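*Asks:* The structure under discussion is supplied below as structure tokens; questions concerning it will follow.
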Amino acid sequence: MILVKIVGAIILLVLGKVLVSLASKEVEGRLDWFCALILKGARFRLPAGVRSDIHDEEWLPELRHIMERDTARPITRFVQGLRYSAGLMFSARRVARDRGACGPRWGSVAWLREETVIEGPFVWFMFTCIWLAPASLAVGGLTVGVGCALAHLQVSASTSGVLLEVGGNIAAVGFLVGGMLGGRAGQSLGVSRHVRQRLNSQNLSALE
Amino acid sequence: MDVRITTVTARVLRAFLGNPQNPQYGFDLMQLLGLSSGSLYPILARLERAGWIEGRKEDVDAVREGRPARRYYLLTAEGARDARLALAALSEELRPPSPIMLPGLRSDRGSA
């Protein structure tokens with residue numbers, strides 16, 4: 001009986017050691033992946049034309065060197081990898097600019113054209129969506145704030161409701177009119193130029 | 001092309017001038033100078049654009065080594081000359097004035 005217990009304990013010990021080793025390797029792999037993910041975010045902040053040159057050819061091999069070198073312990077490697085990736089995440093655009101590769105600003109129409117496959121009026125639709133979402137949140141927050149202020153001033157619920165409803169409607173109409181004007185401006189400025197250029201190139205190729 | 005020499009840029013240049021023939025890697029420079037990647041890489045980009053340093057890829061077989069080739073930087077001949085001049089100018093600019101030029105300090109010494 002004692003022999004069975006001893007053998008069982010040894011088997012459990014070996015199994016436990018194997019499991020701990022597997023788990024630590026899994027965690028280590030995830031940590032590497034996390035640093036690479038942050039670096040991927042930095043890659044996304046670079047202009048499309050220099051991503052391969054800067055991220056793939058320089059930053060990624062350097063991160064692999066940090067994460068795979070034998071001279072440091074796993075936690076040290078992780079902290080250094082994290083610092084490396086996070087630093088580049090914040091300075092990616094500065095690096096691109098200092099290398100003379102200026103890309104369009106994030107969220108701008110030019111950025112949408114470069115980053116996405118959408119074209120024509122949909123660019124402006126996406127542009128409006130991107131900037132409308134935070135604007136809507138801001139208006140929502142403002143409404144809640146005004147509601148709280150009215151409650152604090154002991155304005156009756158019915159009066160507050162009317163005030164907020166009127167304010168909300170004015171804001172909604174403002175957004176609608178702003179969106180329409182933005183769309184019109186987009187059509188007369190960027191999109192029509194884009195379409196015109198495409199048509200011109202098609203006409204030129206047809207003439208040739 | 002002119003390079004704006006800050007004290008951090010000067011430290012990076014000093015590291016390059018310390019071993020002009022040695023290839024300098026981004027992470028090794030970070031370790032050596034105690035800089036973050038966010039500070040170092042824009043400086044390297046500026047220096048490379050100005051032609052003071054030159055970026056090259058390691059000549060290694062990625063399959064055999066089991067890792068991709070890293071990029072390193074070397075000081076160019078023109079960069080070495082300009083960097084020395086820039087560091088000398090910065091050093092001159094930051095040199096503390098001699099005590100003789102400080103009248104307050106002189107009178108203190110006289111009274112003591």
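Lettering and numbering for the structure tokens are positional, with chains as A, B, ... in the shown order, residues counted from 1 in each chain, and ligands counted from 1 in the shown order.
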Give me the residues within 12 Å of Leu39 (chain A) as a PyMOL selection string, counting only C-alpha atoms and dropping any in the same chain fewer than 5 places off.
*Replies:* (chain A and resi 32-34+44-46+51+54-56+58-64+81-92) or (chain B and resi 37)
*Asks:* Can I get the selection written as a short mmCIF file (atom, residue, chain, number, x, y, z; two decimals), in the first residue's frame, with N, CA and C atoms?
*Replies:*
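Everything below was put into again_0.cif:
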```cif
data_model
loop_
_atom_site.label_atom_id
_atom_site.label_comp_id
_atom_site.auth_asym_id
_atom_site.auth_seq_id
_atom_site.Cartn_x
_atom_site.Cartn_y
_atom_site.Cartn_z
N ASP A 32 5.37 37.09 -25.61
CA ASP A 32 6.02 37.50 -26.87
C ASP A 32 4.97 38.04 -27.82
N TRP A 33 3.87 37.33 -27.87
CA TRP A 33 2.79 37.71 -28.78
C TRP A 33 2.24 39.09 -28.42
N PHE A 34 2.15 39.37 -27.12
CA PHE A 34 1.61 40.65 -26.66
C PHE A 34 2.50 41.80 -27.10
N PHE A 44 0.88 50.06 -37.69
CA PHE A 44 -0.35 50.63 -38.24
C PHE A 44 -0.30 52.15 -38.25
N ARG A 45 0.48 52.72 -37.35
CA ARG A 45 0.57 54.18 -37.28
C ARG A 45 1.56 54.75 -38.31
N LEU A 46 2.33 53.86 -38.94
CA LEU A 46 3.28 54.33 -39.97
C LEU A 46 2.55 54.51 -41.29
N ARG A 51 5.99 50.97 -44.10
CA ARG A 51 5.77 49.96 -43.05
C ARG A 51 6.72 48.78 -43.16
N ILE A 54 10.38 49.96 -42.29
CA ILE A 54 10.68 50.32 -40.89
C ILE A 54 10.28 49.19 -39.94
N HIS A 55 9.06 48.72 -40.04
CA HIS A 55 8.59 47.71 -39.07
C HIS A 55 9.16 46.33 -39.38
N ASP A 56 8.93 45.85 -40.60
CA ASP A 56 9.30 44.47 -40.92
C ASP A 56 10.82 44.27 -40.96
N GLU A 58 13.23 46.40 -39.59
CA GLU A 58 14.05 46.89 -38.47
C GLU A 58 13.45 46.58 -37.10
N TRP A 59 12.23 47.05 -36.85
CA TRP A 59 11.67 46.93 -35.51
C TRP A 59 11.40 45.48 -35.11
N LEU A 60 10.80 44.72 -36.03
CA LEU A 60 10.43 43.35 -35.69
C LEU A 60 11.65 42.46 -35.41
N PRO A 61 12.69 42.49 -36.28
CA PRO A 61 13.89 41.71 -35.94
C PRO A 61 14.51 42.14 -34.61
N GLU A 62 14.44 43.43 -34.30
CA GLU A 62 15.00 43.93 -33.04
C GLU A 62 14.19 43.39 -31.86
N LEU A 63 12.87 43.38 -32.01
CA LEU A 63 12.02 42.84 -30.93
C LEU A 63 12.29 41.35 -30.74
N ARG A 64 12.47 40.64 -31.84
CA ARG A 64 12.77 39.21 -31.72
C ARG A 64 14.10 39.00 -31.01
N GLY A 81 10.89 44.19 -23.87
CA GLY A 81 10.13 44.10 -25.12
C GLY A 81 8.93 45.03 -25.10
N LEU A 82 8.30 45.09 -23.94
CA LEU A 82 7.12 45.96 -23.79
C LEU A 82 7.52 47.43 -23.91
N ARG A 83 8.63 47.78 -23.27
CA ARG A 83 9.11 49.17 -23.34
C ARG A 83 9.47 49.54 -24.78
N TYR A 84 10.11 48.58 -25.44
CA TYR A 84 10.53 48.81 -26.83
C TYR A 84 9.30 49.05 -27.72
N SER A 85 8.32 48.15 -27.61
CA SER A 85 7.13 48.26 -28.47
C SER A 85 6.31 49.50 -28.14
N ALA A 86 6.10 49.73 -26.83
CA ALA A 86 5.26 50.85 -26.43
C ALA A 86 5.89 52.18 -26.84
N GLY A 87 7.20 52.29 -26.70
CA GLY A 87 7.90 53.53 -27.10
C GLY A 87 7.70 53.81 -28.58
N LEU A 88 7.78 52.76 -29.39
CA LEU A 88 7.63 52.95 -30.83
C LEU A 88 6.18 53.21 -31.21
N MET A 89 5.29 52.66 -30.41
CA MET A 89 3.86 52.89 -30.65
C MET A 89 3.57 54.40 -30.60
N PHE A 90 4.21 55.07 -29.63
CA PHE A 90 3.95 56.50 -29.46
C PHE A 90 4.75 57.35 -30.45
N SER A 91 5.91 56.85 -30.88
CA SER A 91 6.77 57.71 -31.71
C SER A 91 6.80 57.29 -33.17
N ALA A 92 5.93 56.35 -33.56
CA ALA A 92 5.98 55.81 -34.93
C ALA A 92 5.84 56.92 -35.98
N SER B 37 12.97 53.58 -26.69
CA SER B 37 12.92 53.46 -28.15
C SER B 37 12.24 54.68 -28.76
#
```
*Asks:* Residues of chain B within 10 Å of chain A, counting only C-alpha atoms - could you list those as a count of residues only?
*Replies:* 30
*Asks:* So how many Å separate CA of Pro96 (chain B) and CA of Pro20 (chain B), to one decimal?
*Replies:*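 For CA of Pro96 (chain B) relative to CA of Pro20 (chain B), the distance reads 28.7 Å.
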*Asks:* Could you name the residues that touch Leu75 (chain B) at 9 Å or less, counting only C-alpha atoms, but leaving out those on the same chain fewer than 5 positions away, as a short mmCIF file (atom, residue, chain, number, x, y, z; two decimals) with C-alpha atoms, in the first residue's frame?
*Replies:*
```
data_model
loop_
_atom_site.label_atom_id
_atom_site.label_comp_id
_atom_site.auth_asym_id
_atom_site.auth_seq_id
_atom_site.Cartn_x
_atom_site.Cartn_y
_atom_site.Cartn_z
CA LEU B 13 26.55 60.87 -31.47
CA PHE B 16 28.83 56.49 -32.40
CA LEU B 17 32.08 58.45 -32.17
CA PRO B 20 33.20 54.70 -35.30
CA GLN B 21 33.93 51.38 -37.00
CA ASN B 22 31.56 49.31 -34.85
CA PRO B 23 28.02 48.67 -36.02
CA GLN B 24 25.47 50.09 -33.58
CA GLY B 51 23.62 61.35 -44.00
CA TRP B 52 25.54 61.26 -40.72
CA ILE B 53 24.84 57.58 -40.17
CA GLU B 54 24.01 54.81 -42.57
CA ALA B 80 32.04 61.62 -38.14
#
```
*Asks:* Write out as a PDB file with N, CA, C and O atoms, in the first residue's frame each polymer residue whose atoms come within 12 Å of region 164-177 of chain A, counting only C-alpha atoms; drop sequence neighbours fewer than 2 positions from it.
*Replies:*
```pdb
ATOM      1  N   THR A 128     -17.521  60.591 -41.807  1.00  0.00           N
ATOM      2  CA  THR A 128     -18.567  61.119 -40.931  1.00  0.00           C
ATOM      3  C   THR A 128     -18.784  60.174 -39.759  1.00  0.00           C
ATOM      4  O   THR A 128     -18.914  60.603 -38.613  1.00  0.00           O
ATOM      5  N   CYS A 129     -18.815  58.847 -40.052  1.00  0.00           N
ATOM      6  CA  CYS A 129     -19.047  57.871 -38.979  1.00  0.00           C
ATOM      7  C   CYS A 129     -17.953  57.961 -37.923  1.00  0.00           C
ATOM      8  O   CYS A 129     -18.226  57.952 -36.720  1.00  0.00           O
ATOM      9  N   TRP A 131     -15.994  60.397 -37.077  1.00  0.00           N
ATOM     10  CA  TRP A 131     -16.001  61.600 -36.239  1.00  0.00           C
ATOM     11  C   TRP A 131     -17.334  61.833 -35.551  1.00  0.00           C
ATOM     12  O   TRP A 131     -17.409  62.572 -34.576  1.00  0.00           O
ATOM     13  N   LEU A 132     -18.402  61.183 -36.076  1.00  0.00           N
ATOM     14  CA  LEU A 132     -19.719  61.360 -35.458  1.00  0.00           C
ATOM     15  C   LEU A 132     -19.822  60.569 -34.149  1.00  0.00           C
ATOM     16  O   LEU A 132     -20.501  60.997 -33.217  1.00  0.00           O
ATOM     17  N   ALA A 133     -19.141  59.420 -34.118  1.00  0.00           N
ATOM     18  CA  ALA A 133     -19.244  58.567 -32.921  1.00  0.00           C
ATOM     19  C   ALA A 133     -18.756  59.302 -31.666  1.00  0.00           C
ATOM     20  O   ALA A 133     -19.505  59.406 -30.689  1.00  0.00           O
ATOM     21  N   ALA A 135     -18.406  62.468 -31.333  1.00  0.00           N
ATOM     22  CA  ALA A 135     -19.237  63.668 -31.166  1.00  0.00           C
ATOM     23  C   ALA A 135     -20.552  63.297 -30.487  1.00  0.00           C
ATOM     24  O   ALA A 135     -21.020  64.010 -29.593  1.00  0.00           O
ATOM     25  N   SER A 136     -21.129  62.144 -30.892  1.00  0.00           N
ATOM     26  CA  SER A 136     -22.380  61.709 -30.269  1.00  0.00           C
ATOM     27  C   SER A 136     -22.175  61.417 -28.786  1.00  0.00           C
ATOM     28  O   SER A 136     -23.009  61.756 -27.948  1.00  0.00           O
ATOM     29  N   ALA A 138     -19.952  62.772 -26.899  1.00  0.00           N
ATOM     30  CA  ALA A 138     -19.768  64.060 -26.224  1.00  0.00           C
ATOM     31  C   ALA A 138     -21.116  64.728 -25.981  1.00  0.00           C
ATOM     32  O   ALA A 138     -21.378  65.257 -24.885  1.00  0.00           O
ATOM     33  N   VAL A 139     -22.005  64.688 -26.981  1.00  0.00           N
ATOM     34  CA  VAL A 139     -23.329  65.300 -26.831  1.00  0.00           C
ATOM     35  C   VAL A 139     -24.122  64.552 -25.762  1.00  0.00           C
ATOM     36  O   VAL A 139     -24.809  65.163 -24.930  1.00  0.00           O
ATOM     37  N   GLY A 140     -24.015  63.206 -25.768  1.00  0.00           N
ATOM     38  CA  GLY A 140     -24.697  62.397 -24.741  1.00  0.00           C
ATOM     39  C   GLY A 140     -24.236  62.789 -23.350  1.00  0.00           C
ATOM     40  O   GLY A 140     -25.040  62.990 -22.444  1.00  0.00           O
ATOM     41  N   GLY A 141     -22.897  62.917 -23.214  1.00  0.00           N
ATOM     42  CA  GLY A 141     -22.330  63.301 -21.919  1.00  0.00           C
ATOM     43  C   GLY A 141     -22.801  64.681 -21.503  1.00  0.00           C
ATOM     44  O   GLY A 141     -23.146  64.914 -20.329  1.00  0.00           O
ATOM     45  N   LEU A 142     -22.863  65.581 -22.468  1.00  0.00           N
ATOM     46  CA  LEU A 142     -23.316  66.949 -22.205  1.00  0.00           C
ATOM     47  C   LEU A 142     -24.783  66.940 -21.743  1.00  0.00           C
ATOM     48  O   LEU A 142     -25.159  67.647 -20.799  1.00  0.00           O
ATOM     49  N   THR A 143     -25.594  66.109 -22.393  1.00  0.00           N
ATOM     50  CA  THR A 143     -27.017  66.025 -22.042  1.00  0.00           C
ATOM     51  C   THR A 143     -27.187  65.537 -20.606  1.00  0.00           C
ATOM     52  O   THR A 143     -27.976  66.098 -19.834  1.00  0.00           O
ATOM     53  N   VAL A 144     -26.416  64.493 -20.271  1.00  0.00           N
ATOM     54  CA  VAL A 144     -26.487  63.975 -18.899  1.00  0.00           C
ATOM     55  C   VAL A 144     -26.059  65.061 -17.915  1.00  0.00           C
ATOM     56  O   VAL A 144     -26.692  65.272 -16.870  1.00  0.00           O
ATOM     57  N   GLY A 145     -24.980  65.777 -18.286  1.00  0.00           N
ATOM     58  CA  GLY A 145     -24.477  66.846 -17.420  1.00  0.00           C
ATOM     59  C   GLY A 145     -25.526  67.935 -17.216  1.00  0.00           C
ATOM     60  O   GLY A 145     -25.755  68.388 -16.084  1.00  0.00           O
ATOM     61  N   VAL A 146     -26.160  68.333 -18.322  1.00  0.00           N
ATOM     62  CA  VAL A 146     -27.189  69.384 -18.230  1.00  0.00           C
ATOM     63  C   VAL A 146     -28.361  68.883 -17.379  1.00  0.00           C
ATOM     64  O   VAL A 146     -28.908  69.618 -16.538  1.00  0.00           O
ATOM     65  N   GLY A 147     -28.745  67.598 -17.596  1.00  0.00           N
ATOM     66  CA  GLY A 147     -29.834  66.998 -16.806  1.00  0.00           C
ATOM     67  C   GLY A 147     -29.522  67.049 -15.321  1.00  0.00           C
ATOM     68  O   GLY A 147     -30.361  67.430 -14.492  1.00  0.00           O
ATOM     69  N   CYS A 148     -28.291  66.680 -14.966  1.00  0.00           N
ATOM     70  CA  CYS A 148     -27.876  66.701 -13.558  1.00  0.00           C
ATOM     71  C   CYS A 148     -27.904  68.123 -13.005  1.00  0.00           C
ATOM     72  O   CYS A 148     -28.337  68.362 -11.867  1.00  0.00           O
ATOM     73  N   ALA A 149     -27.430  69.067 -13.840  1.00  0.00           N
ATOM     74  CA  ALA A 149     -27.409  70.467 -13.400  1.00  0.00           C
ATOM     75  C   ALA A 149     -28.832  70.978 -13.153  1.00  0.00           C
ATOM     76  O   ALA A 149     -29.090  71.669 -12.153  1.00  0.00           O
ATOM     77  N   LEU A 150     -29.729  70.607 -14.045  1.00  0.00           N
ATOM     78  CA  LEU A 150     -31.136  71.029 -13.880  1.00  0.00           C
ATOM     79  C   LEU A 150     -31.735  70.423 -12.621  1.00  0.00           C
ATOM     80  O   LEU A 150     -32.483  71.078 -11.884  1.00  0.00           O
ATOM     81  N   ALA A 151     -31.405  69.154 -12.386  1.00  0.00           N
ATOM     82  CA  ALA A 151     -31.909  68.489 -11.175  1.00  0.00           C
ATOM     83  C   ALA A 151     -31.361  69.176  -9.928  1.00  0.00           C
ATOM     84  O   ALA A 151     -32.058  69.360  -8.932  1.00  0.00           O
ATOM     85  N   VAL A 155     -35.080  72.134 -10.939  1.00  0.00           N
ATOM     86  CA  VAL A 155     -36.044  72.364 -12.021  1.00  0.00           C
ATOM     87  C   VAL A 155     -36.908  71.109 -12.111  1.00  0.00           C
ATOM     88  O   VAL A 155     -36.392  69.990 -11.985  1.00  0.00           O
ATOM     89  N   ALA A 157     -39.120  67.903 -13.250  1.00  0.00           N
ATOM     90  CA  ALA A 157     -38.778  66.868 -14.230  1.00  0.00           C
ATOM     91  C   ALA A 157     -39.411  67.172 -15.582  1.00  0.00           C
ATOM     92  O   ALA A 157     -38.786  66.969 -16.637  1.00  0.00           O
ATOM     93  N   SER A 158     -40.632  67.672 -15.568  1.00  0.00           N
ATOM     94  CA  SER A 158     -41.309  67.926 -16.848  1.00  0.00           C
ATOM     95  C   SER A 158     -40.600  69.050 -17.613  1.00  0.00           C
ATOM     96  O   SER A 158     -40.347  68.946 -18.818  1.00  0.00           O
ATOM     97  N   THR A 159     -40.222  70.122 -16.891  1.00  0.00           N
ATOM     98  CA  THR A 159     -39.503  71.235 -17.546  1.00  0.00           C
ATOM     99  C   THR A 159     -38.149  70.756 -18.064  1.00  0.00           C
ATOM    100  O   THR A 159     -37.752  71.089 -19.189  1.00  0.00           O
ATOM    101  N   SER A 160     -37.426  69.945 -17.241  1.00  0.00           N
ATOM    102  CA  SER A 160     -36.119  69.424 -17.661  1.00  0.00           C
ATOM    103  C   SER A 160     -36.275  68.599 -18.921  1.00  0.00           C
ATOM    104  O   SER A 160     -35.476  68.713 -19.862  1.00  0.00           O
ATOM    105  N   GLY A 161     -37.306  67.751 -18.918  1.00  0.00           N
ATOM    106  CA  GLY A 161     -37.542  66.881 -20.073  1.00  0.00           C
ATOM    107  C   GLY A 161     -37.739  67.698 -21.336  1.00  0.00           C
ATOM    108  O   GLY A 161     -37.137  67.397 -22.376  1.00  0.00           O
ATOM    109  N   VAL A 162     -38.559  68.764 -21.211  1.00  0.00           N
ATOM    110  CA  VAL A 162     -38.834  69.609 -22.388  1.00  0.00           C
ATOM    111  C   VAL A 162     -37.545  70.279 -22.858  1.00  0.00           C
ATOM    112  O   VAL A 162     -37.216  70.278 -24.057  1.00  0.00           O
ATOM    113  N   GLY A 179     -23.819  67.172 -41.533  1.00  0.00           N
ATOM    114  CA  GLY A 179     -23.476  66.007 -42.352  1.00  0.00           C
ATOM    115  C   GLY A 179     -23.764  66.247 -43.818  1.00  0.00           C
ATOM    116  O   GLY A 179     -22.953  65.904 -44.695  1.00  0.00           O
ATOM    117  N   MET A 180     -24.930  66.883 -44.074  1.00  0.00           N
ATOM    118  CA  MET A 180     -25.289  67.154 -45.475  1.00  0.00           C
ATOM    119  C   MET A 180     -24.308  68.134 -46.114  1.00  0.00           C
ATOM    120  O   MET A 180     -23.850  67.933 -47.237  1.00  0.00           O
ATOM    121  N   LEU A 181     -23.982  69.195 -45.323  1.00  0.00           N
ATOM    122  CA  LEU A 181     -23.042  70.193 -45.855  1.00  0.00           C
ATOM    123  C   LEU A 181     -21.667  69.563 -46.085  1.00  0.00           C
ATOM    124  O   LEU A 181     -21.017  69.818 -47.100  1.00  0.00           O
ATOM    125  N   GLY A 182     -21.266  68.705 -45.111  1.00  0.00           N
ATOM    126  CA  GLY A 182     -19.972  68.021 -45.240  1.00  0.00           C
ATOM    127  C   GLY A 182     -19.961  67.135 -46.475  1.00  0.00           C
ATOM    128  O   GLY A 182     -18.977  67.090 -47.224  1.00  0.00           O
ATOM    129  N   GLY A 183     -21.051  66.422 -46.681  1.00  0.00           N
ATOM    130  CA  GLY A 183     -21.153  65.541 -47.846  1.00  0.00           C
ATOM    131  C   GLY A 183     -21.065  66.318 -49.146  1.00  0.00           C
ATOM    132  O   GLY A 183     -20.357  65.928 -50.073  1.00  0.00           O
ATOM    133  N   ARG A 184     -21.770  67.471 -49.149  1.00  0.00           N
ATOM    134  CA  ARG A 184     -21.744  68.310 -50.362  1.00  0.00           C
ATOM    135  C   ARG A 184     -20.322  68.836 -50.608  1.00  0.00           C
ATOM    136  O   ARG A 184     -19.834  68.826 -51.734  1.00  0.00           O
TER     137      ARG A 184
END
```
*Asks:* CA of Leu87 (chain B) to CA of Glu58 (chain B): how many Å, to one decimal?
*Replies:*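 Going from CA of Leu87 (chain B) over to CA of Glu58 (chain B), I get 28.9 Å.
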*Asks:* Can you pull out every residue from region 3-82 of chain B that DSSP, working from the backbone, puts in strand (DSSP E), and format the result as a PyMOL selection string?
*Replies:* chain B and resi 24-25+53-57+71-75
